[in-house]
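Chemist: Would you mind keeping the following structure in view while I ask a few things?
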Amino acid sequence: ILDFICDHSAGSGVLEDAHEWPTYTYRLTMRSAKACPVSSSTTACPAPPFEANWQSLSFRPRPGWFDEVKFGIFIHWGMFSVPAFKTEWYWRELMTGQPEFVEFHNRVYGCSGVQPEKYPCTGAEFTYADFTSMFHAELYNPDEWATLFKNSGAKYVVLTSKHHEGWCNFPSAQHWNWNSMDVGPHRDLVGELTDSVRAAGLHMGLYHSMREWYNPIFLQDNVDNCTNAKFVDEILIPTLKDMTTRYKPEVIWADGASGDNPCSRDSVKYWKAPEFISWLYNESPVKDSVLVNSRWGSGSGGDYSTGPDRWTPGKKVSSKWESCFTIQQGSWGFDRTEGIDRFFNTTGLIYQ
């Protein structure tokens, strides 16, 4: 398959991309003046818009800035940072009745109400949502963070905008009363760090979980075998577009494209990822500078591969990749139970 793209500056032809797609089919993309209609104008024809499918999106040139950066900072911060116990999946572990989590929660904070016949508890109730009263972020100084990141040699930063718990670190109309402006610290945590990171001369990106464990709309989509994608249409995509327009991230780091029903793992049929990314590449305020990773659900593409957690290829691979790794051996967020012996030393981090 040979794709000709009109480009008056390319002369008789410049090979832009060549890859095997699909199996046993070799696809070539060539820019050439010969592909342009006869015209007296010397203006190059604009490239056609990207279509809402992974094939079309795969031809989008990757923004050059990402090829120049080799080290970034990945920050997991959310409501789970209040208990800071074992894992950022605290709420999930609590609600599924994991003994260590239920017993800890009932003893330290109050009665969770989880499986009361198995975990009897007397005293005041304290649900996961009650952690908002303890999330103050009183020591949060984004300028200090940005200075630290710059001094470390990092060139880009990716902050959690929303993890699987659904809590947003920014004001969100789709997450009223479950975001950092409405409750908790009453601050736009994403906006503040974005400003500081950019002022320090670094690139800013945002992690965003696609699923929300206990959002009733998402749960109902799963029950309905994804015959509807109400959660995607009414919650996810409006939130992503609002976040992109407001903060102009240069990386959108998707994660969590899975649910209890296999139907809610499909990047196209349920998550409609190509629809959002085609908007991102064609119309968004960061269409020329933004990159996306590869965790948009089954069959997804992306500007670079992130593989599974703590993944490093260990060999030369043809695609652009990123190794997302922790500085300690357990949680991705702060875990107050992890001793210093569980943190990687400098040699270990560099090796990874």
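Lettering and numbering for the structure tokens are positional, with chains as A, B, ... in the shown order, residues counted from 1 in each chain, and ligands counted from 1 in the shown order.
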Near stretch 254-268 of chain A, counting only C-alpha atoms, which residues have an atom at most 9 Å away, once you skip same-chain residues fewer than 3 positions from it, shown as a PyMOL selection string?
Modeler: chain A and resi 53-54+163-164+206-213+218-219+221-223+225-226+229+271-275+292-300
Chemist: Take the residues from that selection and write them out as a short mmCIF file (atom, residue, chain, number, x, y, z; two decimals), in the first residue's frame, keeping N, CA and C atoms.
Modeler:
data_model
loop_
_atom_site.label_atom_id
_atom_site.label_comp_id
_atom_site.auth_asym_id
_atom_site.auth_seq_id
_atom_site.Cartn_x
_atom_site.Cartn_y
_atom_site.Cartn_z
N ASN A 53 -9.51 6.49 13.99
CA ASN A 53 -9.16 5.06 14.02
C ASN A 53 -7.66 4.95 14.22
N TRP A 54 -7.22 3.83 14.78
CA TRP A 54 -5.81 3.68 15.15
C TRP A 54 -4.90 3.70 13.93
N HIS A 163 -6.86 9.21 39.65
CA HIS A 163 -6.54 7.78 39.70
C HIS A 163 -7.85 6.98 39.67
N HIS A 164 -7.74 5.67 39.85
CA HIS A 164 -8.91 4.79 39.69
C HIS A 164 -10.02 5.08 40.71
N LEU A 206 0.02 14.92 32.21
CA LEU A 206 -0.97 14.50 33.19
C LEU A 206 -1.34 13.04 33.00
N TYR A 207 -1.29 12.29 34.09
CA TYR A 207 -1.81 10.93 34.16
C TYR A 207 -3.32 11.03 34.38
N HIS A 208 -4.08 10.16 33.72
CA HIS A 208 -5.53 10.17 33.91
C HIS A 208 -6.06 8.74 33.81
N SER A 209 -6.67 8.28 34.89
CA SER A 209 -7.29 6.95 34.88
C SER A 209 -8.60 7.01 34.11
N MET A 210 -8.79 6.03 33.24
CA MET A 210 -10.01 5.98 32.45
C MET A 210 -11.17 5.41 33.26
N ARG A 211 -10.94 4.36 34.00
CA ARG A 211 -12.02 3.77 34.80
C ARG A 211 -12.12 4.48 36.15
N GLU A 212 -13.24 4.29 36.81
CA GLU A 212 -13.45 4.74 38.18
C GLU A 212 -14.15 3.61 38.91
N TRP A 213 -13.45 3.01 39.86
CA TRP A 213 -13.91 1.79 40.51
C TRP A 213 -15.39 1.83 40.91
N PHE A 218 -20.23 3.99 35.53
CA PHE A 218 -19.28 3.02 34.99
C PHE A 218 -19.69 1.60 35.36
N LEU A 219 -20.11 1.41 36.59
CA LEU A 219 -20.54 0.08 37.02
C LEU A 219 -21.76 -0.39 36.24
N ASP A 221 -22.58 0.53 33.17
CA ASP A 221 -22.13 0.18 31.81
C ASP A 221 -21.63 -1.26 31.77
N ASN A 222 -20.91 -1.66 32.81
CA ASN A 222 -20.41 -3.03 32.86
C ASN A 222 -21.54 -4.04 33.02
N VAL A 223 -22.51 -3.70 33.87
CA VAL A 223 -23.67 -4.58 34.06
C VAL A 223 -24.43 -4.74 32.75
N ASN A 225 -23.31 -4.86 29.87
CA ASN A 225 -22.44 -5.45 28.86
C ASN A 225 -22.01 -4.43 27.80
N CYS A 226 -21.86 -3.20 28.26
CA CYS A 226 -21.36 -2.10 27.41
C CYS A 226 -22.25 -1.83 26.20
N ALA A 229 -22.25 3.36 26.45
CA ALA A 229 -20.96 3.86 26.95
C ALA A 229 -21.23 5.21 27.63
N TRP A 271 -14.21 2.50 25.02
CA TRP A 271 -13.53 3.70 25.46
C TRP A 271 -13.51 4.81 24.43
N LYS A 272 -13.74 4.48 23.16
CA LYS A 272 -13.77 5.49 22.09
C LYS A 272 -12.50 6.34 22.08
N ALA A 273 -11.38 5.68 22.39
CA ALA A 273 -10.11 6.40 22.47
C ALA A 273 -9.72 7.07 21.16
N PRO A 274 -9.88 6.40 20.00
CA PRO A 274 -9.52 7.09 18.76
C PRO A 274 -10.32 8.37 18.51
N GLU A 275 -11.57 8.40 18.98
CA GLU A 275 -12.37 9.61 18.82
C GLU A 275 -11.76 10.77 19.59
N VAL A 292 0.59 10.86 23.53
CA VAL A 292 -0.19 9.94 24.35
C VAL A 292 0.56 8.62 24.46
N ASN A 293 0.35 7.94 25.57
CA ASN A 293 0.98 6.63 25.77
C ASN A 293 0.10 5.55 25.16
N SER A 294 0.34 4.32 25.52
CA SER A 294 -0.31 3.19 24.82
C SER A 294 -1.32 2.43 25.67
N ARG A 295 -1.82 3.02 26.76
CA ARG A 295 -2.73 2.30 27.66
C ARG A 295 -4.17 2.79 27.53
N TRP A 296 -4.71 2.72 26.33
CA TRP A 296 -6.07 3.19 26.08
C TRP A 296 -7.05 2.03 25.93
N GLY A 297 -6.63 0.84 26.28
CA GLY A 297 -7.49 -0.33 26.14
C GLY A 297 -6.92 -1.30 25.13
N SER A 298 -7.59 -2.42 24.97
CA SER A 298 -7.10 -3.45 24.06
C SER A 298 -7.05 -2.93 22.63
N GLY A 299 -5.99 -3.29 21.93
CA GLY A 299 -5.83 -2.89 20.54
C GLY A 299 -5.41 -1.46 20.33
N SER A 300 -4.98 -0.77 21.40
CA SER A 300 -4.68 0.65 21.25
C SER A 300 -3.29 0.90 20.69
#
Chemist: Counting only C-alpha atoms, which residue out of A:Phe126, A:Phe344, A:Val108, A:Asp182 sits closest to A:Gly330?
Modeler: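 The answer is A:Phe344, which sits nearest to A:Gly330.
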Chemist: Would you please extract all strand (DSSP E) residues from stretch 127-241 of chain A, as assigned by DSSP on the backbone, and give them as a ChimeraX atom specification?
Modeler: /A:156-162,203-209
Chemist: So, with only C-alpha atoms as the atoms that count, which of A:Asp224, A:Gln174, A:Ile5, A:His186 lies closest to A:Lys241?
Modeler: A:Gln174
Chemist: When you draw a straight line from atom CA of A:Trp167 to atom CA of A:Ala52, how long is it in Å?
Modeler: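 These atoms are spaced 28.6 Å apart.
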Chemist: Determine, counting only C-alpha atoms, which protein, DNA and RNA residues have an atom within 10 Å of an atom of A:Asp130; residues of the same chain fewer than 4 positions away are not included. Present the result as a list in words.
Modeler: Met79, Tyr109, Glu125, Phe126, Met134, Phe135 and Gly184 of chain A
Chemist: What is the distance, in Å and to one decimal place, between atom CA of A:Ser278 and atom CA of A:Pro249?
Modeler: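 These atoms are spaced 15.8 Å apart.
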Chemist: Would you mind reading off the distance between atom CA of A:Met95 and atom CA of A:Tyr214, one decimal, in Å?
Modeler: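 Distance between the two atoms: 9.9 Å.
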Chemist: Can you tell me, as a short mmCIF file (atom, residue, chain, number, x, y, z; two decimals) with N, CA, C and O atoms, in the first residue's frame, what residues are no more than 8 Å from A:Pro185 when counting only C-alpha atoms, ignoring any on the same chain fewer than 6 positions away?
Modeler:
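Saved as around-v9.cif:
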data_model
loop_
_atom_site.label_atom_id
_atom_site.label_comp_id
_atom_site.auth_asym_id
_atom_site.auth_seq_id
_atom_site.Cartn_x
_atom_site.Cartn_y
_atom_site.Cartn_z
N PHE A 135 -7.52 15.68 54.00
CA PHE A 135 -6.65 16.01 52.88
C PHE A 135 -6.53 17.54 52.80
O PHE A 135 -7.38 18.22 52.25
N HIS A 136 -5.44 18.07 53.36
CA HIS A 136 -5.26 19.52 53.44
C HIS A 136 -4.21 20.06 52.47
O HIS A 136 -4.29 21.22 52.07
N ALA A 137 -3.20 19.24 52.15
CA ALA A 137 -2.10 19.68 51.28
C ALA A 137 -1.45 20.96 51.82
O ALA A 137 -1.02 21.82 51.06
N GLU A 138 -1.39 21.07 53.14
CA GLU A 138 -0.90 22.31 53.75
C GLU A 138 0.60 22.55 53.51
O GLU A 138 1.08 23.68 53.60
#
Chemist: Which residues, written as a ChimeraX atom specification, have at least one atom at most 12 Å from A:Phe74, with only C-alpha atoms counted and residues fewer than 4 positions away on the same chain left out?
Modeler: /A:149,154-161,204-207,251,253,322-327,332-333
Chemist: Which residues, written as a compact mmCIF listing (two decimals) with all heavy atoms, in the first residue's frame, have at least one atom at most 9 Å from A:Trp321, with only C-alpha atoms counted and residues fewer than 4 positions away on the same chain left out?
Modeler:
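Dumped everything to out_0.txt:
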# COMPACT_ATOMS: atom_id res chain seq x y z
N ASN A 293 0.35 7.94 25.57
CA ASN A 293 0.98 6.63 25.77
C ASN A 293 0.10 5.55 25.16
O ASN A 293 -0.80 5.83 24.37
CB ASN A 293 1.24 6.39 27.26
CG ASN A 293 -0.04 6.20 28.05
OD1 ASN A 293 -1.10 6.70 27.68
ND2 ASN A 293 0.04 5.46 29.14
N ASP A 303 1.68 7.30 20.88
CA ASP A 303 2.93 7.88 20.40
C ASP A 303 4.14 7.13 20.94
O ASP A 303 5.22 7.20 20.36
CB ASP A 303 3.02 9.34 20.81
CG ASP A 303 1.96 10.20 20.11
OD1 ASP A 303 1.97 10.21 18.87
OD2 ASP A 303 1.14 10.82 20.80
N TYR A 304 3.97 6.46 22.05
CA TYR A 304 5.05 5.64 22.61
C TYR A 304 4.45 4.57 23.50
O TYR A 304 3.31 4.68 23.95
CB TYR A 304 6.06 6.50 23.39
CG TYR A 304 5.49 7.17 24.62
CD1 TYR A 304 5.61 6.59 25.89
CD2 TYR A 304 4.84 8.40 24.54
CE1 TYR A 304 5.10 7.20 27.01
CE2 TYR A 304 4.33 9.02 25.66
CZ TYR A 304 4.47 8.42 26.90
OH TYR A 304 3.96 9.03 28.02
N SER A 305 5.21 3.52 23.73
CA SER A 305 4.73 2.38 24.51
C SER A 305 5.18 2.50 25.96
O SER A 305 6.33 2.86 26.24
CB SER A 305 5.28 1.07 23.93
OG SER A 305 4.92 -0.02 24.75
N THR A 306 4.25 2.21 26.88
CA THR A 306 4.60 2.17 28.30
C THR A 306 4.61 0.75 28.85
O THR A 306 5.06 0.52 29.96
CB THR A 306 3.62 3.03 29.12
OG1 THR A 306 2.30 2.89 28.61
CG2 THR A 306 3.99 4.48 29.05
N GLY A 307 4.12 -0.22 28.08
CA GLY A 307 4.16 -1.60 28.53
C GLY A 307 3.49 -1.78 29.87
O GLY A 307 2.73 -0.93 30.33
N THR A 312 10.84 -2.56 31.36
CA THR A 312 11.98 -2.13 30.57
C THR A 312 12.23 -3.22 29.53
O THR A 312 12.33 -4.39 29.90
CB THR A 312 13.23 -1.93 31.43
OG1 THR A 312 12.94 -0.96 32.45
CG2 THR A 312 14.40 -1.43 30.60
N PRO A 313 12.33 -2.88 28.24
CA PRO A 313 12.45 -3.92 27.22
C PRO A 313 13.66 -4.83 27.38
O PRO A 313 13.59 -6.01 27.07
CB PRO A 313 12.52 -3.13 25.92
CG PRO A 313 12.20 -1.74 26.23
CD PRO A 313 12.29 -1.54 27.69
N VAL A 317 14.26 -2.04 20.71
CA VAL A 317 12.95 -2.25 20.11
C VAL A 317 12.70 -1.14 19.10
O VAL A 317 13.31 -0.06 19.16
CB VAL A 317 11.83 -2.26 21.18
CG1 VAL A 317 11.97 -3.45 22.10
CG2 VAL A 317 11.83 -0.96 21.98
